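J.: So I've got this file, input_19.cif, and it contains mmCIF, C-alpha atoms:
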data_final
loop_
_atom_site.label_atom_id
_atom_site.label_comp_id
_atom_site.auth_asym_id
_atom_site.auth_seq_id
_atom_site.Cartn_x
_atom_site.Cartn_y
_atom_site.Cartn_z
CA MET J 37 21.71 -27.46 48.34
CA GLY J 38 21.30 -31.01 49.61
CA TYR J 39 23.28 -34.14 50.33
CA ARG J 40 24.00 -37.05 48.01
CA ARG J 41 21.86 -40.15 47.99
CA PRO J 42 23.76 -43.37 48.70
CA ALA J 43 25.37 -45.40 45.93
CA PRO J 44 23.33 -48.58 45.30
CA GLY J 45 24.11 -51.41 47.71
CA THR J 46 26.19 -49.34 50.11
CA GLN J 47 23.54 -48.60 52.76
CA PRO J 48 21.28 -51.15 54.46
CA ASP J 49 17.53 -51.42 54.06
CA TYR J 50 15.48 -51.25 57.23
CA LEU J 51 14.07 -54.76 56.94
CA PHE J 52 16.82 -57.38 57.00
CA PRO J 53 15.39 -60.64 58.44
CA PRO J 54 18.81 -62.24 59.15
CA TYR J 55 19.01 -59.55 61.86
CA ALA J 56 15.90 -60.68 63.71
CA SER J 57 15.18 -57.43 65.57
CA THR J 58 14.43 -55.67 62.29
CA VAL J 59 11.27 -57.73 61.72
CA LYS J 60 9.04 -55.98 64.29
CA ARG J 61 10.77 -52.63 64.01
CA ALA J 62 11.37 -51.87 60.34
CA PRO J 63 8.84 -49.61 58.60
CA THR J 64 6.38 -51.48 56.40
CA GLN J 65 4.99 -48.47 54.55
CA PRO J 66 6.93 -46.80 51.75
CA LEU J 67 9.30 -44.07 52.88
CA VAL J 68 8.52 -40.54 51.73
CA VAL J 69 11.48 -39.00 49.90
CA LEU J 70 12.43 -35.87 51.83
CA PRO J 71 13.82 -32.88 49.97
CA HIS J 72 16.78 -31.43 51.82
CA THR J 73 15.63 -28.11 53.21
CA LEU J 74 17.42 -25.82 55.65
CA THR J 75 16.26 -28.25 58.36
CA GLU J 76 18.24 -31.11 56.86
CA THR J 77 21.29 -29.11 55.73
CA THR J 78 22.02 -27.63 59.16
CA GLY J 79 22.96 -29.43 62.34
CA PRO J 80 24.19 -29.05 65.91
CA VAL J 81 27.72 -27.98 66.80
CA PHE J 82 29.53 -29.28 69.86
CA GLY J 83 32.57 -27.72 71.45
CA ARG J 84 35.33 -27.93 73.99
CA SER J 85 32.99 -27.01 76.83
CA GLU J 86 31.41 -30.44 76.40
CA VAL J 87 34.19 -32.59 74.95
CA LYS J 88 37.51 -32.61 76.81
CA PRO J 89 40.76 -34.00 75.36
CA GLY J 90 40.84 -36.67 78.11
CA ASP J 91 37.49 -38.03 76.94
CA ALA J 92 39.31 -39.79 74.09
CA ASP J 93 41.35 -42.03 76.42
CA LEU J 94 39.17 -44.93 77.54
CA THR J 95 42.02 -46.46 79.55
CA ARG J 96 42.19 -43.63 82.09
CA GLN J 97 38.65 -43.24 83.31
CA HIS J 98 39.09 -45.19 86.54
CA LYS J 99 41.64 -45.76 89.30
CA GLY J 100 43.42 -48.65 87.65
CA GLU J 101 44.21 -49.74 84.13
CA PRO J 102 41.67 -51.86 82.27
CA ILE J 103 42.53 -55.46 81.47
CA GLY J 104 43.20 -56.15 77.82
CA GLU J 105 45.29 -55.25 74.85
CA ARG J 106 45.83 -51.47 74.69
CA ILE J 107 45.22 -50.10 71.19
CA ILE J 108 45.13 -46.76 69.37
CA VAL J 109 42.12 -46.24 67.12
CA SER J 110 42.45 -43.25 64.84
CA GLY J 111 41.47 -42.01 61.45
CA ARG J 112 40.00 -39.17 59.47
CA VAL J 113 36.44 -38.07 58.96
CA LEU J 114 35.98 -36.94 55.36
CA ASP J 115 33.05 -36.16 53.10
CA GLU J 116 32.44 -37.93 49.79
CA ASP J 117 34.60 -35.35 48.02
CA GLY J 118 37.51 -36.21 50.32
CA ARG J 119 37.25 -32.96 52.24
CA PRO J 120 38.01 -33.15 55.98
CA VAL J 121 35.07 -32.78 58.34
CA ALA J 122 36.59 -30.60 61.04
CA GLY J 123 35.36 -30.05 64.58
CA THR J 124 32.71 -32.73 64.47
CA LEU J 125 31.70 -34.86 67.43
CA VAL J 126 32.70 -38.54 67.40
CA GLU J 127 31.19 -40.75 70.12
CA VAL J 128 32.36 -44.34 70.65
CA TRP J 129 31.34 -47.22 72.87
CA GLN J 130 32.43 -50.83 73.11
CA ALA J 131 32.57 -54.01 75.17
CA ASN J 132 35.48 -54.72 77.52
CA SER J 133 38.25 -57.14 76.62
CA ALA J 134 36.11 -60.08 77.79
CA GLY J 135 33.21 -59.10 75.55
CA ARG J 136 31.03 -57.65 78.30
CA TYR J 137 29.21 -54.32 78.50
CA PRO J 138 28.47 -52.63 81.82
CA HIS J 139 24.77 -52.53 80.95
CA ARG J 140 21.70 -54.04 82.64
CA VAL J 141 20.67 -55.82 79.43
CA ASP J 142 24.01 -57.61 79.04
CA GLN J 143 23.79 -60.93 80.89
CA HIS J 144 26.74 -62.60 79.17
CA ASP J 145 28.69 -64.68 81.66
CA ALA J 146 31.97 -62.82 81.26
CA PRO J 147 33.70 -60.63 83.82
CA MET J 148 33.07 -56.92 84.22
CA ASP J 149 36.15 -54.74 84.36
CA PRO J 150 35.86 -52.12 87.13
CA ASN J 151 38.46 -50.06 85.30
CA PHE J 152 36.66 -49.95 81.97
CA THR J 153 33.39 -48.26 81.05
CA GLY J 154 33.96 -48.33 77.31
CA ALA J 155 32.68 -44.89 76.30
CA GLY J 156 34.68 -42.09 74.69
CA ARG J 157 34.28 -38.81 72.82
CA ALA J 158 36.43 -36.68 70.57
CA LEU J 159 36.17 -33.68 68.28
CA THR J 160 37.94 -33.96 64.92
CA ASP J 161 40.78 -31.52 64.25
CA LYS J 162 41.14 -29.27 61.20
CA GLN J 163 42.25 -32.21 59.05
CA GLY J 164 39.26 -34.23 60.23
CA ARG J 165 41.43 -36.46 62.43
CA TYR J 166 40.35 -38.19 65.62
CA ARG J 167 42.27 -40.51 67.95
CA PHE J 168 41.16 -42.80 70.77
CA VAL J 169 43.21 -44.84 73.22
CA THR J 170 41.32 -47.93 74.33
CA ILE J 171 41.58 -51.68 74.73
CA LYS J 172 40.67 -54.23 72.11
CA PRO J 173 37.03 -55.26 72.66
CA GLY J 174 36.18 -58.95 73.00
CA GLU J 175 33.78 -60.95 70.86
CA TYR J 176 30.55 -61.98 72.54
CA PRO J 177 27.52 -64.22 71.98
CA TRP J 178 24.06 -62.87 71.23
CA ARG J 179 20.69 -64.50 70.72
CA ASN J 180 19.91 -63.53 67.14
CA HIS J 181 20.22 -67.13 65.93
CA TYR J 182 21.74 -70.42 67.13
CA ASN J 183 25.41 -70.01 68.12
CA ALA J 184 25.47 -66.34 67.15
CA TRP J 185 28.62 -64.36 68.00
CA ARG J 186 29.38 -60.73 67.32
CA PRO J 187 32.80 -60.01 65.87
CA ALA J 188 34.90 -57.59 67.93
CA HIS J 189 33.66 -54.08 67.17
CA ILE J 190 33.56 -50.48 68.32
CA HIS J 191 30.38 -48.41 67.90
CA PHE J 192 30.84 -44.99 66.31
CA SER J 193 28.37 -42.08 66.29
CA LEU J 194 29.08 -39.00 64.14
CA PHE J 195 27.23 -35.80 63.41
CA GLY J 196 28.94 -34.06 60.51
CA PRO J 197 27.73 -30.63 59.38
CA ALA J 198 24.02 -31.38 58.99
CA PHE J 199 21.01 -33.32 60.22
CA ALA J 200 21.31 -35.32 56.98
CA THR J 201 24.94 -36.34 57.62
CA ARG J 202 24.26 -38.03 60.97
CA LEU J 203 25.84 -41.50 60.97
CA VAL J 204 26.00 -44.37 63.44
CA THR J 205 28.22 -47.26 62.43
CA GLN J 206 30.53 -49.96 63.75
CA MET J 207 34.26 -50.52 63.23
CA TYR J 208 35.61 -54.05 62.94
CA PHE J 209 39.11 -55.54 63.16
CA PRO J 210 41.11 -56.99 60.27
CA GLY J 211 41.11 -60.75 59.78
CA ASP J 212 38.23 -61.48 62.12
CA PRO J 213 36.77 -64.87 61.10
CA LEU J 214 33.43 -64.00 62.72
CA LEU J 215 32.70 -61.29 60.13
CA GLU J 216 31.47 -63.66 57.42
CA LYS J 217 28.66 -64.96 59.67
CA ASP J 218 27.67 -61.62 61.23
CA PRO J 219 24.25 -60.36 60.04
CA MET J 220 25.13 -56.75 60.82
CA TYR J 221 28.37 -56.80 58.88
CA ASN J 222 26.55 -58.49 56.01
CA CYS J 223 23.58 -56.11 55.92
CA VAL J 224 24.66 -54.53 52.61
CA PRO J 225 25.23 -56.34 49.30
CA ASP J 226 28.25 -54.26 48.24
CA GLU J 227 31.34 -56.15 49.40
CA ARG J 228 33.58 -53.10 49.12
CA ALA J 229 31.21 -51.15 51.33
CA ARG J 230 31.40 -53.91 53.95
CA LYS J 231 35.17 -54.00 53.82
CA ARG J 232 35.31 -50.28 54.52
CA LEU J 233 33.89 -51.09 57.97
CA VAL J 234 37.05 -53.05 58.77
CA SER J 235 39.92 -51.07 60.25
CA ALA J 236 43.52 -51.60 59.15
CA LEU J 237 46.52 -52.32 61.31
CA ASP J 238 48.51 -49.10 61.13
CA TRP J 239 52.25 -48.97 61.83
CA GLU J 240 52.27 -45.18 61.70
CA THR J 241 50.09 -44.84 64.77
CA THR J 242 51.42 -47.94 66.55
CA ILE J 243 53.45 -46.95 69.62
CA PRO J 244 56.44 -49.29 70.00
CA GLU J 245 56.27 -51.50 73.09
CA THR J 246 52.95 -49.87 74.06
CA ALA J 247 49.98 -50.18 71.72
CA LEU J 248 49.07 -51.36 68.23
CA GLY J 249 47.39 -48.78 66.03
CA TYR J 250 44.25 -49.37 64.00
CA ARG J 251 43.15 -46.93 61.34
CA PHE J 252 39.49 -46.34 60.53
CA ASP J 253 38.52 -43.54 58.15
CA ILE J 254 34.88 -42.54 58.07
CA ILE J 255 33.15 -40.97 55.08
CA LEU J 256 30.08 -38.79 55.63
CA ARG J 257 27.67 -37.82 52.87
CA GLY J 258 28.91 -35.07 50.60
CA PRO J 259 27.00 -32.10 49.24
CA GLN J 260 24.90 -32.69 46.16
CA GLN J 261 26.15 -30.75 43.17
CA THR J 262 23.30 -31.21 40.70
CA PRO J 263 20.06 -29.24 40.95
CA MET J 264 17.50 -30.59 43.41
CA GLU J 265 15.15 -31.60 40.60
CA ASN J 266 17.69 -34.08 39.23
CA ARG J 267 18.43 -35.75 42.51
CA ARG J 268 16.33 -38.83 41.93
CA MET P 112 37.32 -39.62 42.61
CA SER P 113 34.20 -39.62 44.67
CA LEU P 114 34.17 -41.61 47.92
CA HIS P 115 31.14 -43.46 49.23
CA ALA P 116 29.59 -42.69 52.60
CA THR P 117 30.40 -45.26 55.27
CA THR P 118 27.75 -47.96 55.70
CA SER P 119 25.39 -47.36 58.59
CA GLN P 120 25.22 -49.99 61.34
CA THR P 121 22.77 -50.43 64.16
CA VAL P 122 23.23 -48.54 67.40
CA GLY P 123 22.53 -51.86 69.16
CA PRO P 124 21.13 -52.51 72.61
CA TYR P 125 24.00 -50.89 74.54
CA LEU P 126 23.67 -47.43 73.03
CA HIS P 127 23.24 -45.87 76.45
CA ILE P 128 26.90 -46.46 77.29
CA GLY P 129 27.99 -44.17 74.51
CA LEU P 130 25.15 -41.70 74.25
CA ILE P 131 23.66 -40.84 77.64
CA TRP P 132 26.40 -38.38 78.57
CA LEU P 133 24.62 -35.99 76.20
CA ILE P 134 20.99 -36.37 77.20
CA VAL P 135 19.30 -33.02 76.44
CA GLU P 136 15.60 -33.14 77.28
CA ASN P 137 15.26 -29.48 78.14
CA LEU P 138 16.24 -27.40 75.13
CA ALA P 139 14.86 -24.13 76.41
CA PRO P 140 16.07 -23.13 79.83
CA LYS P 141 15.29 -19.66 81.19
CA GLY P 142 16.35 -16.90 78.84
CA VAL P 143 15.35 -18.68 75.63
CA LYS P 144 12.56 -16.78 73.91
CA GLY P 145 9.50 -18.50 72.57
CA GLU P 146 6.32 -20.38 73.32
CA ARG P 147 7.11 -23.22 75.75
CA VAL P 148 6.00 -26.69 74.69
CA THR P 149 6.44 -30.10 76.27
CA ILE P 150 6.40 -32.96 73.79
CA GLU P 151 5.91 -36.45 75.18
CA GLY P 152 5.46 -39.74 73.45
CA ARG P 153 6.12 -43.42 73.25
CA VAL P 154 7.92 -45.60 70.74
CA LEU P 155 6.04 -48.85 70.03
CA ASP P 156 7.06 -51.82 67.86
CA GLY P 157 4.98 -53.92 65.46
CA ASP P 158 3.42 -55.84 68.37
CA GLY P 159 2.56 -52.62 70.18
CA LYS P 160 5.28 -53.34 72.72
CA PRO P 161 7.24 -50.41 74.10
CA VAL P 162 10.68 -49.87 72.63
CA ASP P 163 12.75 -49.35 75.75
CA ASP P 164 16.09 -48.99 74.01
CA ALA P 165 15.65 -46.11 71.58
CA ALA P 166 17.46 -42.81 71.39
CA VAL P 167 15.32 -39.96 70.07
CA GLU P 168 17.22 -36.97 68.70
CA ILE P 169 15.60 -33.73 67.62
CA TRP P 170 16.80 -30.72 65.64
CA GLN P 171 14.85 -27.50 65.41
CA ALA P 172 15.01 -23.78 64.75
CA ASP P 173 14.51 -21.09 67.38
CA ALA P 174 11.29 -19.12 67.67
CA GLN P 175 12.42 -16.78 64.89
CA GLY P 176 13.16 -19.62 62.48
CA ASN P 177 16.96 -19.56 62.84
CA TYR P 178 19.03 -22.71 63.24
CA GLY P 179 21.96 -23.05 65.62
CA THR P 180 22.03 -19.64 67.22
CA ARG P 181 24.27 -18.72 70.14
CA LYS P 182 21.35 -18.71 72.56
CA PHE P 183 19.51 -21.73 71.21
CA ARG P 184 21.35 -24.73 69.80
CA GLY P 185 18.16 -26.60 68.99
CA PHE P 186 19.49 -30.11 69.56
CA GLY P 187 17.84 -32.61 71.90
CA ARG P 188 18.49 -36.24 72.78
CA SER P 189 16.30 -38.47 74.93
CA ALA P 190 16.51 -42.18 75.71
CA THR P 191 13.24 -44.10 76.02
CA ASP P 192 12.35 -45.63 79.38
CA ALA P 193 10.89 -49.06 80.19
CA LYS P 194 7.51 -47.92 78.83
CA GLY P 195 9.03 -46.59 75.63
CA ARG P 196 8.53 -42.99 76.75
CA PHE P 197 10.59 -39.95 75.85
CA ARG P 198 10.07 -36.28 76.63
CA PHE P 199 11.34 -32.90 75.48
CA ARG P 200 10.76 -29.46 76.90
CA THR P 201 11.41 -26.89 74.21
CA ILE P 202 9.94 -23.95 72.34
CA LYS P 203 7.79 -23.97 69.25
CA PRO P 204 10.14 -23.26 66.36
CA GLY P 205 9.59 -20.47 63.86
CA ARG P 206 9.07 -21.07 60.16
CA VAL P 207 12.04 -21.87 57.93
CA PRO P 208 12.33 -21.91 54.13
CA GLY P 209 11.26 -25.02 52.22
CA PRO P 210 12.56 -26.54 49.00
CA ASP P 211 11.09 -23.85 46.78
CA GLY P 212 11.86 -20.95 49.11
CA ARG P 213 8.33 -20.81 50.49
CA LEU P 214 8.10 -21.12 54.26
CA GLN P 215 7.54 -24.49 55.90
CA ALA P 216 5.16 -24.93 58.81
CA PRO P 217 6.84 -25.05 62.24
CA HIS P 218 8.37 -28.50 62.63
CA ILE P 219 11.01 -30.48 64.48
CA ALA P 220 13.27 -32.98 62.70
CA VAL P 221 13.68 -36.36 64.38
CA ASN P 222 16.34 -39.07 64.11
CA LEU P 223 15.50 -42.33 65.87
CA PHE P 224 18.14 -44.90 66.76
CA MET P 225 17.48 -48.33 68.22
CA ARG P 226 18.36 -51.99 68.14
CA GLY P 227 16.70 -53.43 65.06
CA GLN P 228 17.32 -50.36 62.91
CA LEU P 229 20.36 -50.72 60.69
CA LYS P 230 20.17 -46.99 60.05
CA GLN P 231 18.32 -44.20 61.77
CA LEU P 232 14.64 -43.58 61.16
CA VAL P 233 13.91 -40.04 60.05
CA THR P 234 10.62 -38.34 60.78
CA ARG P 235 9.16 -34.95 61.78
CA ILE P 236 6.94 -33.45 64.44
CA TYR P 237 4.43 -30.77 63.40
CA PHE P 238 2.17 -28.74 65.66
CA PRO P 239 -1.59 -29.11 66.02
CA ASP P 240 -3.97 -26.50 64.64
CA ASP P 241 -1.24 -24.54 62.91
CA PRO P 242 -2.74 -23.01 59.77
CA ALA P 243 0.65 -23.29 58.04
CA ASN P 244 0.35 -27.10 58.05
CA ALA P 245 -2.13 -26.81 55.16
CA THR P 246 0.52 -25.39 52.83
CA ASP P 247 3.62 -27.12 54.18
CA PRO P 248 5.65 -28.47 51.22
CA VAL P 249 6.85 -31.57 53.08
CA LEU P 250 3.47 -32.52 54.55
CA ALA P 251 2.15 -32.15 51.01
CA LEU P 252 4.40 -35.05 49.93
CA VAL P 253 2.80 -37.34 52.51
CA PRO P 254 -0.39 -39.24 51.60
CA ALA P 255 -3.23 -37.27 53.23
CA ALA P 256 -4.45 -40.24 55.27
CA ARG P 257 -1.07 -40.60 56.95
CA ARG P 258 -0.29 -36.94 57.66
CA GLN P 259 -1.80 -37.03 61.14
CA THR P 260 1.02 -39.36 62.27
CA LEU P 261 3.37 -36.39 62.01
CA ILE P 262 1.20 -33.93 63.92
CA ALA P 263 1.41 -33.85 67.71
CA ARG P 264 -1.86 -33.86 69.67
CA PRO P 265 -2.75 -31.66 72.65
CA LYS P 266 -2.98 -33.72 75.83
CA ASN P 267 -3.49 -31.95 79.14
CA LYS P 268 -0.89 -29.19 78.99
CA THR P 269 1.52 -31.09 76.82
CA LEU P 270 1.75 -32.31 73.24
CA GLU P 271 1.62 -36.03 72.59
CA TRP P 272 3.51 -37.48 69.66
CA ASN P 273 3.90 -41.26 69.47
CA VAL P 274 6.09 -43.27 67.13
CA LEU P 275 4.44 -46.42 65.81
CA LEU P 276 7.05 -48.42 63.96
CA GLN P 277 4.47 -50.60 62.22
CA GLY P 278 0.72 -51.22 62.03
CA LYS P 279 -2.38 -49.41 60.89
CA ASP P 280 -1.21 -46.03 62.12
CA GLU P 281 2.45 -46.52 61.30
CA THR P 282 4.33 -43.25 61.62
CA VAL P 283 5.51 -41.69 58.36
CA PHE P 284 9.25 -42.11 57.95
CA PHE P 285 11.33 -40.24 55.40
CA ASP P 286 14.04 -41.25 53.00
CA CYS P 287 16.33 -38.38 53.99
#
Let me see the structure of the file written as structure tokens.
T.:
Amino acid sequence: MGYRRPAPGTQPDYLFPPYASTVKRAPTQPLVVLPHTLTETTGPVFGRSEVKPGDADLTRQHKGEPIGERIIVSGRVLDEDGRPVAGTLVEVWQANSAGRYPHRVDQHDAPMDPNFTGAGRALTDKQGRYRFVTIKPGEYPWRNHYNAWRPAHIHFSLFGPAFATRLVTQMYFPGDPLLEKDPMYNCVPDERARKRLVSALDWETTIPETALGYRFDIILRGPQQTPMENRR
Amino acid sequence: MSLHATTSQTVGPYLHIGLIWLIVENLAPKGVKGERVTIEGRVLDGDGKPVDDAAVEIWQADAQGNYGTRKFRGFGRSATDAKGRFRFRTIKPGRVPGPDGRLQAPHIAVNLFMRGQLKQLVTRIYFPDDPANATDPVLALVPAARRQTLIARPKNKTLEWNVLLQGKDETVFFDC
């Protein structure tokens, strides 16, 4: 048993010069295709002793409320067959509403928010659902190229059932005009794959007079059905 | 209809905010059976400069070759320091089955995340002077001249395993 290889154009290459940091960090030698052994088809499990329900509310980690637009970010984690990935760890992190991270490397001249760290965790339920309460992150400049700005985004880290299903990605917001110029968003040629990184405004999870809901479903690699020999 | 896996995106430079709550550099506290090993290394970029913003995650079997047991989860996560260093204290894993059912040599699977990687780098750590390395089915897929990049080296009482992202001794990375 192994996991499916990506559909062409849906996953980035390592070297992508428009994202300047790849140039000195991407492998230059050919990758060695790794058969999926027990090592790659198993993975760590995390539980309630480590991830508390309150960890999914990023607006209640400090004394006061963070500044910004309160939002609900939720969705389902599914595999490529549409099956829910239950009980898996989802880690998120993001900038504050002014586009600033509480991190030594971030020197952007925008205010810190003492009431916002911007980190959260959740375990998916039996239907693969997760839900975070947070504030809408701000856009911010970076030094990749002249006048470079990151679109508003939330970083997501997921484990899934196996070493081979580990995924780190970013969620974007609908209608953001910065997306078309963002090297990270544009790292894959498949336009549909890019668009799947953009969340959708979701009336179902919107709480009237309180918070808009954004829906972001995440698909992890599914199990390979064909014999190993036919994989490539 | 088959869905497509979500596109990977870089972990970026601020990964620590989201990931350091789960730093696990000691996988084998008292009570875990097995031969203790300390694995230390550095991550260096194409200019030989330390990568000070990487997360190194490992996944390994227990000493008997079982994954994810009640007493030994086998997951580790370290964040590199200003000199690009990371460190794990763990046990040498037992042998686990390979693609054809034959046993693999003891090894640790590694996922590396950092700014400048749009998706994680996948590699492995093997152990020095283990006779099983000679017949390991995965090492056999690696060009012989490059195999040593996957094998840790004894250094004082620890094992040294460096990750060179580029250059003459570039570490072998896998298409997982």
J.: Taking all atoms listed in the file into account, name the residue in J:Pro138, J:Pro147, J:Pro89, J:Pro120 that is nearest to chain P.
T.: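 Using all atoms listed in the file, the shortest distance to chain P belongs to J:Pro138.
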J.: Restricting the calculation to all atoms listed in the file: of P:Ala166, P:Leu261, P:Val249, P:Val135, which residue gets closest to chain J?
T.: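 Answer, going by the shortest atom-to-atom distance: P:Val249.
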J.: Find the nearest atom pair between each residue of stretch 160-197 of chain P and stretch 81-86 of chain J for residues within 10 Å, count all atoms listed in the file, give distances in Å to one decimal, sort rows by chain and ascending number, and present the table as CSV.
T.:
residue,atom,partner,partner_atom,distance
P:Gly179,CA,J:Val81,CA,7.7
P:Arg184,CA,J:Val81,CA,7.8
P:Gly185,CA,J:Val81,CA,9.9
P:Phe186,CA,J:Val81,CA,8.9
J.: Keeping only C-alpha atoms, write the selected residues to a file as a PDB file, in the frame of the given file.
T.:
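What ended up in result-v1.pdb:
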ATOM      1  CA  GLY P 179      21.960 -23.050  65.620  1.00  0.00           C
ATOM      2  CA  ARG P 184      21.350 -24.730  69.800  1.00  0.00           C
ATOM      3  CA  GLY P 185      18.160 -26.600  68.990  1.00  0.00           C
ATOM      4  CA  PHE P 186      19.490 -30.110  69.560  1.00  0.00           C
TER       5      PHE P 186
END
J.: Nearest to J:Ala122 among J:Asp93, J:Glu101, J:Asp149, J:Asp161, with distances taken over all atoms listed in the file: which residue is it?
T.: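 Result for the nearest residue to J:Ala122: J:Asp161.
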J.: Using all atoms listed in the file, which residue out of J:Val87, J:Val113, J:Ile103, J:Ile255 lies closest to chain P?
T.: J:Ile255
J.: List as a list in words the protein and nucleic acid residues near J:Gly79, meaning an atom at most 8 Å away when only C-alpha atoms are counted, but skip any in the same chain fewer than 5 places from it.
T.: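 Answer for this query is Phe195, Gly196, Pro197, Ala198 and Phe199 of chain J; Trp170, Tyr178 and Gly179 of chain P.
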J.: Any idea which chain P residues end up within 7 Å of chain J if we count all atoms listed in the file, as a tab-separated table (two decimals) with C-alpha atoms, in the coordinates of the input please?
T.:
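Heads up, here's the output in iface00.tsv:
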chain	number	residue	atom	x	y	z
P	113	SER	CA	34.20	-39.62	44.67
P	114	LEU	CA	34.17	-41.61	47.92
P	115	HIS	CA	31.14	-43.46	49.23
P	116	ALA	CA	29.59	-42.69	52.60
P	117	THR	CA	30.40	-45.26	55.27
P	118	THR	CA	27.75	-47.96	55.70
P	119	SER	CA	25.39	-47.36	58.59
P	120	GLN	CA	25.22	-49.99	61.34
P	121	THR	CA	22.77	-50.43	64.16
P	122	VAL	CA	23.23	-48.54	67.40
P	125	TYR	CA	24.00	-50.89	74.54
P	128	ILE	CA	26.90	-46.46	77.29
P	129	GLY	CA	27.99	-44.17	74.51
P	156	ASP	CA	7.06	-51.82	67.86
P	157	GLY	CA	4.98	-53.92	65.46
P	158	ASP	CA	3.42	-55.84	68.37
P	179	GLY	CA	21.96	-23.05	65.62
P	184	ARG	CA	21.35	-24.73	69.80
P	186	PHE	CA	19.49	-30.11	69.56
P	208	PRO	CA	12.33	-21.91	54.13
P	209	GLY	CA	11.26	-25.02	52.22
P	210	PRO	CA	12.56	-26.54	49.00
P	226	ARG	CA	18.36	-51.99	68.14
P	227	GLY	CA	16.70	-53.43	65.06
P	228	GLN	CA	17.32	-50.36	62.91
P	229	LEU	CA	20.36	-50.72	60.69
P	230	LYS	CA	20.17	-46.99	60.05
P	253	VAL	CA	2.80	-37.34	52.51
P	276	LEU	CA	7.05	-48.42	63.96
P	277	GLN	CA	4.47	-50.60	62.22
P	284	PHE	CA	9.25	-42.11	57.95
P	285	PHE	CA	11.33	-40.24	55.40
P	286	ASP	CA	14.04	-41.25	53.00
P	287	CYS	CA	16.33	-38.38	53.99
